[in-house]
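**Q** One file: target16.cif (mmCIF, C-alpha atoms and all ligand atoms).
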```cif
data_data
#
loop_
_atom_site.label_atom_id
_atom_site.label_comp_id
_atom_site.auth_asym_id
_atom_site.auth_seq_id
_atom_site.Cartn_x
_atom_site.Cartn_y
_atom_site.Cartn_z
CA MET A 25 7.94 -22.08 -45.56
CA ASP A 26 5.61 -19.31 -44.49
CA THR A 27 2.56 -18.90 -46.58
CA ALA A 28 2.66 -15.86 -48.74
CA TRP A 29 3.35 -12.64 -46.94
CA PRO A 30 0.41 -10.38 -47.80
CA GLN A 31 1.55 -7.68 -50.18
CA THR A 32 -0.31 -5.03 -48.25
CA TRP A 33 1.61 -5.76 -45.05
CA PRO A 34 4.76 -3.83 -44.24
CA THR A 35 8.00 -5.59 -45.14
CA GLN A 36 9.16 -8.15 -42.65
CA ALA A 37 10.95 -6.55 -39.74
CA GLU A 38 14.27 -7.80 -38.53
CA GLU A 39 12.48 -9.09 -35.45
CA LEU A 40 9.56 -11.18 -36.66
CA HIS A 41 7.86 -13.78 -34.45
CA THR A 42 5.65 -16.25 -36.28
CA PHE A 43 3.12 -17.89 -33.97
CA ASP A 44 1.09 -19.14 -36.91
CA PRO A 45 2.68 -19.32 -40.40
CA LYS A 46 -0.77 -18.83 -41.88
CA GLY A 47 -1.68 -16.15 -39.38
CA ASP A 48 -4.04 -13.48 -40.65
CA ILE A 49 -3.01 -10.76 -38.22
CA LEU A 50 0.29 -8.96 -37.97
CA LEU A 51 0.83 -7.31 -34.61
CA LEU A 52 3.14 -4.31 -34.68
CA LEU A 53 5.08 -3.61 -31.52
CA GLY A 54 8.13 -1.59 -30.64
CA ARG A 55 11.19 -2.73 -28.77
CA ARG A 56 12.75 0.02 -26.75
CA LEU A 57 16.50 -0.20 -26.88
CA PRO A 58 18.37 0.06 -23.58
CA GLU A 59 19.30 3.65 -22.78
CA ASP A 60 22.95 2.98 -22.23
CA ILE A 61 23.57 1.65 -25.69
CA THR A 62 21.37 4.26 -27.30
CA ASP A 63 24.11 6.73 -28.02
CA ASP A 64 26.27 4.18 -29.76
CA MET A 65 23.35 2.72 -31.63
CA ASN A 66 21.69 5.95 -32.66
CA CYS A 67 23.89 6.74 -35.61
CA LEU A 68 23.82 3.18 -36.84
CA LEU A 69 20.07 2.89 -36.54
CA SER A 70 19.21 6.14 -38.23
CA LEU A 71 21.58 5.10 -40.99
CA LEU A 72 19.87 1.73 -41.27
CA SER A 73 16.38 3.18 -41.23
CA SER A 74 17.25 5.71 -43.87
CA LEU A 75 18.49 2.84 -46.03
CA ASN A 76 15.44 0.63 -45.82
CA GLY A 77 13.12 0.57 -42.82
CA ALA A 78 11.68 4.00 -42.26
CA GLU A 79 9.80 4.49 -45.48
CA GLU A 80 8.03 1.20 -45.21
CA ILE A 81 6.97 1.91 -41.65
CA GLU A 82 5.63 5.29 -42.65
CA SER A 83 3.88 4.05 -45.76
CA SER A 84 2.12 1.36 -43.78
CA SER A 85 0.05 4.09 -42.15
CA GLU A 86 -1.51 4.92 -45.47
CA ASP A 87 -2.21 1.31 -46.17
CA THR A 88 -5.92 0.67 -46.10
CA GLU A 89 -5.49 -2.33 -43.93
CA VAL A 90 -3.97 -0.53 -40.98
CA ALA A 91 -7.03 -0.33 -38.88
CA SER A 92 -7.71 3.12 -37.67
CA ALA A 93 -4.34 3.81 -36.19
CA GLU A 94 -5.65 6.66 -34.07
CA GLU A 95 -7.88 4.22 -32.27
CA ALA A 96 -5.29 1.55 -31.81
CA ALA A 97 -2.30 3.68 -30.96
CA LEU A 98 -3.56 5.15 -27.76
CA PRO A 99 -2.05 8.16 -26.12
CA ILE A 100 -0.42 7.45 -22.77
CA GLU A 101 -2.58 8.88 -20.06
CA PRO A 102 -1.83 9.25 -16.39
CA PHE A 103 -3.29 6.58 -14.16
CA GLU A 104 -6.71 7.64 -12.99
CA PRO A 105 -7.49 6.24 -9.57
CA GLU A 106 -11.16 7.22 -9.80
CA ALA A 107 -11.72 5.43 -13.08
CA PRO A 108 -14.06 2.45 -12.90
CA GLU A 109 -11.73 -0.49 -13.07
CA LEU A 110 -13.95 -3.51 -12.72
CA GLY A 111 -15.84 -3.13 -15.94
CA PHE A 112 -14.62 -4.19 -19.30
CA ARG A 113 -12.62 -1.45 -20.92
CA LEU A 114 -10.99 -2.26 -24.17
CA HIS A 115 -8.53 0.57 -24.30
CA GLN A 116 -7.66 0.95 -20.69
CA THR A 117 -4.44 2.62 -19.79
CA ARG A 118 -1.36 0.50 -19.26
CA PRO A 119 0.56 2.67 -16.82
CA TYR A 120 3.78 0.71 -16.73
CA SER A 121 4.38 0.89 -20.46
CA PRO A 122 6.98 3.27 -21.74
CA PRO A 123 5.57 5.81 -24.16
CA MET A 124 5.99 4.70 -27.74
CA PRO A 125 5.54 6.65 -30.92
CA SER A 126 2.57 5.73 -33.05
CA TYR A 127 3.42 3.86 -36.21
CA SER A 128 1.07 6.14 -38.06
CA SER A 129 2.96 9.20 -36.97
CA SER A 130 4.40 11.11 -39.86
CA SER A 131 5.58 13.90 -37.61
CA SER A 132 8.88 15.35 -38.60
CA ALA A 133 9.58 16.79 -35.15
CA SER A 134 13.15 15.96 -34.24
CA SER A 135 12.20 14.66 -30.77
CA ASP A 136 9.86 12.13 -32.36
CA LYS A 137 12.53 11.05 -34.76
CA GLU A 138 14.96 10.73 -31.92
CA LEU A 139 12.51 8.60 -29.95
CA GLU A 140 11.64 6.51 -32.97
CA SER A 141 15.29 5.77 -33.57
CA ARG A 142 15.39 4.18 -30.11
CA ILE A 143 12.44 1.92 -30.92
CA GLN A 144 12.98 -1.17 -33.01
CA GLN A 145 9.98 -2.53 -34.84
CA VAL A 146 8.83 -5.99 -33.77
CA GLN A 147 6.27 -7.94 -35.80
CA MET A 148 4.22 -10.89 -34.60
CA ARG A 149 2.21 -13.00 -37.00
CA VAL A 150 -0.73 -14.49 -35.17
CA SER A 151 -4.01 -16.25 -35.79
CA SER A 152 -7.23 -14.31 -35.24
CA LYS A 153 -9.03 -17.54 -34.30
CA HIS A 154 -6.68 -18.19 -31.40
CA LEU A 155 -6.89 -14.60 -30.19
CA ILE A 156 -10.67 -14.59 -30.33
CA LEU A 157 -11.02 -17.93 -28.55
CA ALA A 158 -8.63 -17.05 -25.75
CA SER A 159 -9.30 -13.41 -25.11
CA ARG A 160 -12.50 -11.50 -24.49
CA THR A 161 -10.69 -8.28 -25.36
CA PHE A 162 -9.46 -9.53 -28.74
CA SER A 163 -12.83 -11.13 -29.35
CA THR A 164 -14.60 -7.80 -28.93
CA MET A 165 -12.01 -5.92 -30.92
CA LEU A 166 -11.95 -8.37 -33.83
CA ASN A 167 -15.67 -8.88 -33.98
CA ALA A 168 -17.16 -5.50 -33.34
CA PHE A 169 -14.67 -2.72 -33.91
CA SER A 170 -13.30 -1.26 -37.11
CA GLU A 171 -10.44 -3.77 -36.83
CA GLY A 172 -13.05 -6.51 -37.16
CA ARG A 173 -14.51 -4.95 -40.29
CA VAL A 174 -11.10 -4.80 -41.93
CA LEU A 175 -10.37 -8.39 -40.95
CA ARG A 176 -13.66 -9.60 -42.41
CA THR A 177 -13.43 -7.67 -45.65
CA GLU A 178 -9.70 -8.05 -46.31
CA GLY A 179 -9.12 -11.40 -44.63
CA LYS A 180 -6.07 -9.99 -42.93
CA LEU A 181 -5.15 -7.16 -40.61
CA THR A 182 -2.22 -5.28 -39.19
CA LEU A 183 -2.77 -4.25 -35.62
CA PRO A 184 -0.44 -1.81 -33.85
CA LEU A 185 0.01 -2.55 -30.15
CA PRO A 186 2.55 0.16 -29.36
CA GLU A 187 2.00 -0.02 -25.60
CA GLU A 188 2.85 -3.69 -25.25
CA GLU A 189 6.28 -4.93 -24.31
CA PRO A 190 7.40 -7.49 -26.89
CA ASP A 191 8.83 -9.97 -24.38
CA VAL A 192 5.56 -9.98 -22.43
CA MET A 193 3.48 -10.48 -25.56
CA ILE A 194 5.74 -13.28 -26.82
CA ILE A 195 4.97 -15.31 -23.68
CA ILE A 196 1.26 -14.46 -23.82
CA LEU A 197 1.01 -15.37 -27.50
CA HIS A 198 2.86 -18.68 -27.06
CA ILE A 199 0.26 -19.59 -24.45
CA ILE A 200 -2.65 -18.40 -26.59
CA HIS A 201 -1.38 -20.44 -29.55
CA GLY A 202 -0.87 -23.54 -27.40
CA GLN A 203 2.92 -23.55 -27.82
CA ASN A 204 3.43 -24.49 -24.20
CA ARG A 205 6.96 -25.78 -24.50
CA LYS A 206 8.14 -22.31 -25.37
CA VAL A 207 6.64 -20.79 -22.24
CA PRO A 208 9.14 -20.15 -19.43
CA ARG A 209 8.48 -22.05 -16.20
CA GLN A 210 10.15 -19.37 -14.13
CA VAL A 211 9.71 -15.63 -14.33
CA SER A 212 10.91 -12.73 -12.21
CA LEU A 213 8.43 -10.84 -10.07
CA ASP A 214 8.90 -7.83 -12.34
CA LEU A 215 8.07 -9.79 -15.49
CA PHE A 216 5.23 -11.59 -13.71
CA SER A 217 3.53 -8.33 -12.78
CA LYS A 218 3.80 -7.19 -16.41
CA LEU A 219 2.33 -10.52 -17.52
CA ALA A 220 -0.44 -10.06 -15.00
CA ALA A 221 -1.22 -6.62 -16.43
CA ALA A 222 -1.49 -8.12 -19.92
CA VAL A 223 -3.58 -11.05 -18.68
CA ASN A 224 -5.92 -8.59 -16.98
CA TYR A 225 -6.14 -6.35 -20.04
CA TYR A 226 -6.81 -9.17 -22.51
CA HIS A 227 -8.97 -11.18 -20.09
CA ILE A 228 -7.08 -14.42 -20.54
CA GLN A 229 -6.94 -15.65 -16.93
CA GLU A 230 -8.32 -19.04 -17.82
CA VAL A 231 -5.85 -19.75 -20.63
CA VAL A 232 -2.87 -18.66 -18.53
CA GLU A 233 -3.99 -20.26 -15.24
CA LEU A 234 -1.78 -23.33 -15.48
CA PHE A 235 1.32 -21.20 -16.00
CA SER A 236 0.40 -18.53 -13.49
CA ASP A 237 0.14 -21.25 -10.82
CA ILE A 238 3.61 -22.51 -11.77
CA TRP A 239 5.05 -18.98 -11.72
CA ILE A 240 3.51 -18.24 -8.33
CA GLU A 241 4.89 -21.49 -6.86
CA GLY A 242 8.33 -20.71 -8.27
CA LEU A 243 8.41 -17.23 -6.81
CA LYS A 244 7.10 -18.48 -3.47
CA LYS A 245 10.41 -20.30 -2.95
CA ASN A 246 11.46 -16.90 -1.69
CA PRO A 247 9.06 -16.24 1.17
CA LEU A 248 6.27 -13.80 0.41
CA PRO A 249 6.57 -10.43 2.12
CA THR A 250 5.29 -10.31 5.69
CA SER A 251 5.72 -6.57 6.08
CA TYR A 252 5.34 -3.61 3.76
CA THR A 253 8.00 -3.69 1.04
CA PRO A 254 7.66 -2.53 -2.59
CA GLU A 255 6.94 -6.16 -3.50
CA VAL A 256 3.65 -6.15 -1.60
CA LEU A 257 1.81 -4.06 -4.19
CA ARG A 258 3.09 -6.25 -7.04
CA TRP A 259 1.94 -9.37 -5.25
CA LEU A 260 -1.38 -7.76 -4.45
CA PHE A 261 -1.92 -7.13 -8.17
CA ILE A 262 -0.84 -10.66 -9.14
CA PHE A 263 -3.10 -12.29 -6.53
CA TRP A 264 -5.99 -10.11 -7.68
CA VAL A 265 -5.49 -10.86 -11.39
CA PHE A 266 -5.14 -14.61 -10.80
CA ARG A 267 -7.88 -14.74 -8.15
CA LYS A 268 -5.89 -16.08 -5.18
CA GLU A 269 -7.94 -15.40 -2.08
CA ASP A 270 -5.37 -16.13 0.64
CA GLY A 271 -2.55 -14.20 -1.00
CA PHE A 272 -4.86 -11.29 -1.68
CA ARG A 273 -6.02 -11.20 1.94
CA ASN A 274 -2.46 -11.35 3.27
CA MET A 275 -1.15 -8.54 1.07
CA THR A 276 -4.13 -6.31 1.82
CA ARG A 277 -3.72 -7.04 5.53
CA ILE A 278 -0.13 -5.77 5.39
CA LEU A 279 -1.18 -2.65 3.49
CA GLN A 280 -4.06 -1.80 5.84
CA ARG A 281 -1.79 -2.02 8.83
CA GLU A 282 1.46 -0.60 7.51
CA SER A 283 0.65 1.95 4.82
CA ASP A 284 0.43 5.66 5.48
CA GLU A 285 -1.40 8.40 3.60
CA ASN A 286 0.90 7.98 0.58
CA LEU A 287 -0.51 4.64 -0.55
CA TRP A 288 -2.08 6.14 -3.68
CA ASP A 289 1.29 7.40 -4.91
CA GLU A 290 2.94 4.09 -4.17
CA ALA A 291 0.17 2.15 -5.91
CA ASN A 292 0.49 4.28 -9.03
CA ALA A 293 3.97 2.90 -9.59
CA VAL A 294 2.53 -0.59 -10.12
CA PRO A 295 0.41 -1.88 -13.01
CA THR A 296 -3.27 -1.07 -12.79
CA ILE A 297 -4.37 -2.07 -9.31
CA PRO A 298 -8.11 -1.45 -9.21
CA ALA A 299 -8.84 1.90 -7.62
CA SER A 300 -11.55 0.38 -5.42
CA ILE A 301 -8.94 -1.83 -3.70
CA ILE A 302 -6.66 1.07 -2.88
CA SER A 303 -9.50 3.30 -1.72
CA THR A 304 -10.87 0.52 0.52
CA LEU A 305 -7.42 -0.04 2.00
CA GLN A 306 -7.10 3.70 2.65
CA LYS A 307 -10.55 3.82 4.22
CA ASN A 308 -9.83 0.83 6.49
CA ARG A 309 -6.48 2.28 7.50
CA ILE A 310 -8.16 5.53 8.51
CA GLU A 311 -10.96 3.72 10.34
CA GLY A 312 -8.43 1.52 12.13
CA ILE A 313 -6.33 4.45 13.29
CA LYS A 314 -9.47 6.33 14.33
CA ALA A 315 -10.59 3.36 16.44
CA LEU A 316 -7.15 3.08 18.07
CA ILE A 317 -7.20 6.76 18.95
CA GLN A 318 -10.68 6.31 20.38
CA VAL A 319 -9.45 3.46 22.64
CA ILE A 320 -6.79 5.73 24.07
CA TYR A 321 -9.13 8.71 24.40
CA ASP A 322 -11.70 6.60 26.24
CA ILE A 323 -9.04 5.64 28.78
CA ILE A 324 -7.90 9.23 29.09
CA ASN A 325 -11.49 10.36 29.71
CA LYS A 326 -12.00 7.60 32.26
CA TYR A 327 -8.89 8.50 34.23
CA ALA A 328 -9.54 12.24 33.93
CA ALA A 329 -12.91 11.90 35.71
CA ALA A 330 -13.38 12.70 39.40
CA ASP A 331 -13.82 9.07 40.54
CA THR A 332 -10.70 7.28 41.76
CA LEU A 333 -9.99 4.14 39.77
CA CYS A 334 -6.91 2.93 41.66
CA ASP A 335 -7.51 -0.34 43.54
CA ASN A 336 -5.85 1.28 46.54
CA ASP A 337 -7.88 4.46 46.34
CA GLN A 338 -4.80 6.51 45.48
CA SER A 339 -5.83 9.41 43.25
CA ALA A 340 -2.14 10.16 42.65
CA CYS A 341 -1.90 6.71 41.07
CA ASP A 342 -4.70 7.60 38.61
CA ALA A 343 -2.98 10.89 37.88
CA SER A 344 0.25 9.17 36.97
CA VAL A 345 -1.56 6.70 34.68
CA LEU A 346 -3.38 9.61 33.05
CA GLY A 347 -0.18 11.59 32.62
CA THR A 348 1.69 8.62 31.22
CA ILE A 349 -0.97 7.88 28.62
CA MET A 350 -1.27 11.51 27.59
CA LYS A 351 2.46 12.03 27.27
CA SER A 352 2.89 8.74 25.39
CA SER A 353 0.04 9.71 23.05
CA ALA A 354 1.66 13.07 22.35
CA ALA A 355 4.94 11.29 21.57
CA MET A 356 3.25 8.96 19.09
CA GLY A 357 1.39 11.83 17.40
CA ILE A 358 -2.19 11.10 18.48
CA TRP A 359 -2.51 13.74 21.21
CA PRO A 360 -3.86 16.27 20.50
CA GLN A 361 -6.23 14.62 18.04
CA PRO A 362 -4.55 14.49 14.59
CA GLU A 363 -6.42 15.43 11.42
CA ARG A 364 -7.45 12.88 8.82
CA PRO A 365 -5.92 11.27 6.83
CA TYR A 366 -3.53 10.97 9.78
CA PRO A 367 -0.28 11.83 7.96
CA ASN A 368 2.81 9.80 8.86
CA LEU A 369 0.80 7.42 11.04
CA THR A 370 0.31 3.71 10.45
CA TYR A 371 -2.01 1.42 12.31
CA LYS A 372 0.76 -1.02 13.09
CA ALA A 373 3.15 1.60 14.46
CA ILE A 374 0.50 3.00 16.79
CA VAL A 375 -0.33 -0.47 18.14
CA GLU A 376 3.35 -1.14 18.78
CA ARG A 377 3.85 2.20 20.50
CA ILE A 378 0.80 1.61 22.70
CA GLU A 379 2.11 -1.83 23.68
CA GLU A 380 5.44 -0.25 24.61
CA ILE A 381 3.96 2.24 27.09
CA GLN A 382 5.65 1.83 30.47
CA PHE A 383 3.47 2.74 33.41
CA PRO A 384 5.27 4.11 36.48
CA GLU A 385 5.29 2.15 39.76
CA THR A 386 3.91 4.86 41.93
CA CYS A 387 1.19 2.88 43.68
CA VAL A 388 3.12 1.80 46.80
CA LEU A 389 0.28 -0.30 48.15
CA ASP A 390 -0.15 -2.30 44.95
CA GLU A 391 0.56 -5.90 45.95
CA ARG A 392 0.78 -7.02 42.35
CA ARG A 393 4.04 -5.19 41.79
CA TYR A 394 5.74 -7.85 43.88
CA ILE A 395 4.10 -10.83 42.28
CA SER A 396 6.31 -11.56 39.34
CA TYR A 397 9.60 -12.94 40.63
CA GLY A 398 9.80 -10.19 43.21
CA SER A 399 10.70 -7.64 40.56
CA ILE A 400 8.90 -4.45 39.68
CA HIS A 401 5.67 -5.32 37.86
CA PRO A 402 5.27 -2.94 34.91
CA ASN A 403 1.57 -3.63 34.51
CA LEU A 404 -0.01 -1.21 36.92
CA HIS A 405 -3.44 -2.45 38.02
CA GLY A 406 -3.67 -4.63 34.91
CA ILE A 407 -4.15 -1.61 32.66
CA LYS A 408 -2.06 -3.13 29.89
CA GLU A 409 -4.46 -6.07 29.70
CA VAL A 410 -7.37 -3.68 29.49
CA ILE A 411 -5.76 -1.80 26.58
CA GLY A 412 -4.64 -5.05 24.97
CA THR A 413 -8.18 -6.45 25.00
CA LEU A 414 -9.59 -3.27 23.49
CA ILE A 415 -7.02 -3.34 20.66
CA GLU A 416 -7.66 -7.04 20.08
CA SER A 417 -11.31 -6.22 19.45
CA LEU A 418 -10.27 -3.93 16.58
CA GLU A 419 -8.19 -6.57 14.83
CA ASN A 420 -11.11 -8.21 13.03
CA ASN A 421 -11.48 -5.13 10.88
CA MET A 422 -7.79 -5.17 9.98
CA TYR A 423 -7.58 -8.75 8.82
CA GLY A 424 -7.34 -7.97 5.10
CA LEU A 425 -9.81 -7.69 2.25
CA GLU A 426 -12.00 -10.38 0.71
CA LEU A 427 -11.08 -10.99 -2.92
CA GLU A 428 -14.64 -11.63 -3.99
CA SER A 429 -15.70 -8.07 -3.25
CA PHE A 430 -13.25 -6.78 -5.85
CA LEU A 431 -13.90 -9.04 -8.81
CA PRO A 432 -15.81 -8.20 -11.95
CA THR A 433 -19.30 -9.68 -11.68
CA GLN A 434 -18.77 -12.31 -14.38
CA ASP A 435 -15.85 -13.71 -12.37
CA LYS A 436 -17.65 -13.99 -9.05
CA GLU A 437 -19.68 -16.96 -10.26
CA ARG A 438 -16.50 -18.94 -10.88
CA LEU A 439 -15.25 -18.83 -7.29
ZN ZN B 501 -2.93 2.47 42.28
#
```
Step by step, read the file and then write its structure as C-alpha cells.
**A**
Amino acid sequence: MDTAWPQTWPTQAEELHTFDPKGDILLLLGRRLPEDITDDMNCLLSLLSSLNGAEEIESSSEDTEVASAEEAALPIEPFEPEAPELGFRLHQTRPYSPPMPSYSSSSSASSDKELESRIQQVQMRVSSKHLILASRTFSTMLNAFSEGRVLRTEGKLTLPLPEEEPDVMIIILHIIHGQNRKVPRQVSLDLFSKLAAAVNYYHIQEVVELFSDIWIEGLKKNPLPTSYTPEVLRWLFIFWVFRKEDGFRNMTRILQRESDENLWDEANAVPTIPASIISTLQKNRIEGIKALIQVIYDIINKYAAADTLCDNDQSACDASVLGTIMKSSAAMGIWPQPERPYPNLTYKAIVERIEEIQFPETCVLDERRYISYGSIHPNLHGIKEVIGTLIESLENNMYGLELESFLPTQDKERL
C-alpha cells in the first residue's frame, strides 16, 4: 500500500513508522535497548545484523542522498551554560540524549561495534511539507542547508537524527502530521520534559500547544512542587518552553529562595534550560542573601553603638540583644561575613533561622513581657517586628522571574 520505496533508501528497518505513505523524507533514528537485556540480546543482535542489517546501514552512508552525515550526526557536546540560548540555533546540543553512533560511521573499533549492537535502527517516513509548515528548524534545514539541496534535486532525502529518542519523535511527528488521535492525552513528567526539549529545538510550540495544555492539566492533578525538589527544574523548563507565565514565576521563585551555589550543576541534569535563566536565578539568590546579611549587620551596628536603645535605658539589655544576634548569626553561617557565592546558604533557610531567633528576657523593667497572657513575651522591645518588616521589604525581589524577559524576541510579540 505504500508508494514505492525509493531504491536509494536503505532497506526498511524492522521498526518503520509511516506518517505519510508518500513521504519524501526518511528519518533515521536509533533505539537504545535497555541495559539489562543487553547481554542476552547482544549475541542475537550481532548475529542478526551480520545476516542482513549491518551492510545496508553502512552502505547507506555512501549513498549520495544521505545528506552530509557529518553535519547531521552531531557529536555530543557538554552543556555550555554560557552559550547564547535565546537565538535560533539549528544544531544546538540536546544534553539529555544518550550518545548514539553515527550511521555514517564505518569505524571498526570494537567499542563502536559494541555500542552499535545495542542500538536498533528506527525509520520514520515523513512529509517534508508538513515538517516545513510546522517547524522553523526543519524549514531552515530543508530550504537552506545541504539537506535542502538534496531534497530539491533528488525529490527525496534520508535524514539521520541520531540524537532524538524515537518515542519522543513519534509523538511529535503524529502532531506535525495532524494525526491527533494517535497522540497520548497523558504523559509522564519525564516524557513531557523530553517532548518540551524537542518542541523547543524544532520550534513547534504553536502546533503542539493544544496537547501541551492537556499534558500540563493532566500532570497538575498531582500538585505542583511548592518547595525545591528535582521536579522544579523540569517544570521550569516546561513552563518556559510553553510560555506559561504563572508557572514560570512560581518555579523561579522556589529556586531563588531555596537553591544554593550548586544550581548550575543541578540545572545541567535537565534538558536545555536557557543559561540566562539560571544565571539570573543565581544572581538574585546572591543579592537576596547579601541583603539579608545587610539587615542583620545594620542591627548589629546599631546595637554596638554607644547610645542605649533599650526603652528602659538598660545598656545591659542592648548588650544581650547584640550578643544574641551575633551568636545566632554565627550559628547560621553569616557571621563573620561569608564569601560569595555564599556556599551552603539559601535565602529561605536564613529567613527561617532569623525568624527563629529567641531574644532573652533580661530587661526586668520591660512591661511588655507581661502583656501576652501573663507569660514571658519573647519579643523584646518589638525587635522581631523590626527585623520582620526589614525582611518583608526584601521579598519583592524574591518573587520569581518574569517569563517575558527570557523569551526569544520573535515570541515576545505573541504574549
Ligand atoms: Zn530593655
**Q** Set the cut-off to 6 Å, count all atoms listed in the file, and list whatever residues fall near ligand ZN 501 (chain B) as a compact mmCIF listing (two decimals) with C-alpha atoms, in the frame of the given file.
**A**
```
# COMPACT_ATOMS: atom_id res chain seq x y z
CA CYS A 334 -6.91 2.93 41.66
CA ASP A 335 -7.51 -0.34 43.54
CA ASN A 336 -5.85 1.28 46.54
CA GLN A 338 -4.80 6.51 45.48
CA CYS A 341 -1.90 6.71 41.07
CA CYS A 387 1.19 2.88 43.68
```
**Q** So which one's closest to Gln203 of chain A, A:Arg142, A:Leu175, A:Asn274, A:Asp44? Using all atoms listed in the file, please.
**A**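 Of A:Arg142, A:Leu175, A:Asn274, A:Asp44, the one nearest Gln203 of chain A is A:Asp44, counting all atoms listed in the file.
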**Q** To one decimal in Å, tell me the separation between atom CA of Ser236 of chain A and atom CA of Ala299 of chain A.
**A**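 For atom CA of Ser236 of chain A relative to atom CA of Ala299 of chain A, the distance reads 23.2 Å.
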**Q** Just want the 10 Å neighbourhood of Ile278 of chain A, counted on all atoms listed in the file, with same-chain residues fewer than 5 positions away dropped. Output as an mmCIF file with C-alpha atoms, keeping the file's coordinate frame.
**A**
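Saved as part_12.cif:
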```cif
data_model
loop_
_atom_site.group_PDB
_atom_site.id
_atom_site.type_symbol
_atom_site.label_atom_id
_atom_site.label_comp_id
_atom_site.auth_asym_id
_atom_site.auth_seq_id
_atom_site.Cartn_x
_atom_site.Cartn_y
_atom_site.Cartn_z
ATOM 1 C CA PRO A 249 6.570 -10.430 2.120
ATOM 2 C CA THR A 250 5.290 -10.310 5.690
ATOM 3 C CA SER A 251 5.720 -6.570 6.080
ATOM 4 C CA TYR A 252 5.340 -3.610 3.760
ATOM 5 C CA THR A 253 8.000 -3.690 1.040
ATOM 6 C CA VAL A 256 3.650 -6.150 -1.600
ATOM 7 C CA LEU A 257 1.810 -4.060 -4.190
ATOM 8 C CA ARG A 273 -6.020 -11.200 1.940
ATOM 9 C CA SER A 283 0.650 1.950 4.820
ATOM 10 C CA LEU A 305 -7.420 -0.040 2.000
ATOM 11 C CA LYS A 372 0.760 -1.020 13.090
ATOM 12 C CA MET A 422 -7.790 -5.170 9.980
ATOM 13 C CA TYR A 423 -7.580 -8.750 8.820
ATOM 14 C CA GLY A 424 -7.340 -7.970 5.100
#
```
**Q** Could you tell me how far atom CA of Glu39 of chain A sits from atom CA of Gln144 of chain A, in Å to one decimal place?
**A**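 Rounded to one decimal, the two atoms are 8.3 Å apart.
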**Q** What does the distance between atom CA of Val265 of chain A and atom CA of Ile297 of chain A come to in Å, to one decimal place?
**A**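 Calculated distance between atom CA of Val265 of chain A and atom CA of Ile297 of chain A is 9.1 Å.
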**Q** Any idea what's packed within 6 Å of segment 212-225 of chain A, counting all atoms listed in the file, ignoring anything in its chain fewer than 4 positions away? Could you give it as a ChimeraX atom specification?
**A** /A:192,229,262
**Q** Pick from A:Ala315, A:Ala28, A:Ile374, A:Ile199: nearest to Val232 of chain A, with all atoms listed in the file counted?
**A** A:Ile199
**Q** List the spatial neighbours of Leu425 of chain A as a list in words - criterion: any atom at most 10 Å away, all atoms listed in the file, same-chain residues fewer than 3 positions off excluded.
**A**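 Listed by chain and then number, they are Glu269, Asp270, Phe272, Arg273, Asn274, Met275, Thr276, Arg277, Gln280, Ile301, Thr304, Leu305, Asn308, Asn421, Met422, Glu428, Ser429 and Phe430 of chain A.
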**Q** List the neighbours of His154 of chain A out to 12 Å using only C-alpha atoms; skip same-chain residues closer than 6 positions along the sequence, and give me the result as an MDAnalysis selection string.
**A** chainID A and resid 43:44 47:49 160 162:163 166 196:203 228 231
**Q** I'd like to know which of A:Glu188, A:Ile407, A:Val294, A:Asn325 is closest to Tyr226 of chain A, using only C-alpha atoms.
**A** A:Glu188
**Q** Calculated over all atoms listed in the file, which of the candidates A:Ala330, A:Ile240, A:Ala291, A:Met356 has the smallest distance to Phe266 of chain A?
**A**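 Answer, going by the shortest atom-to-atom distance: A:Ile240.
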**Q** Could you list, as a ChimeraX atom specification, every residue within 10 Å of Ile411 of chain A, counting all atoms listed in the file and ignoring same-chain residues fewer than 3 positions away?
**A** /A:316,319-320,323,378-379,406-408,414-416
**Q** Let me make sure I understand: among A:Leu181, A:Ile324, A:Ile238, A:Leu40, which one has the smallest atom-to-atom distance to Pro208 of chain A if we use only C-alpha atoms?
**A**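 Among A:Leu181, A:Ile324, A:Ile238, A:Leu40, it is A:Ile238 that comes nearest to Pro208 of chain A.
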**Q** Out of A:Tyr366, A:His405, A:Glu426, A:Pro360, which residue has the shortest atom-to-atom distance to Asp337 of chain A when counting all atoms listed in the file?
**A**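 That would be A:His405, the residue with the smallest distance to Asp337 of chain A.
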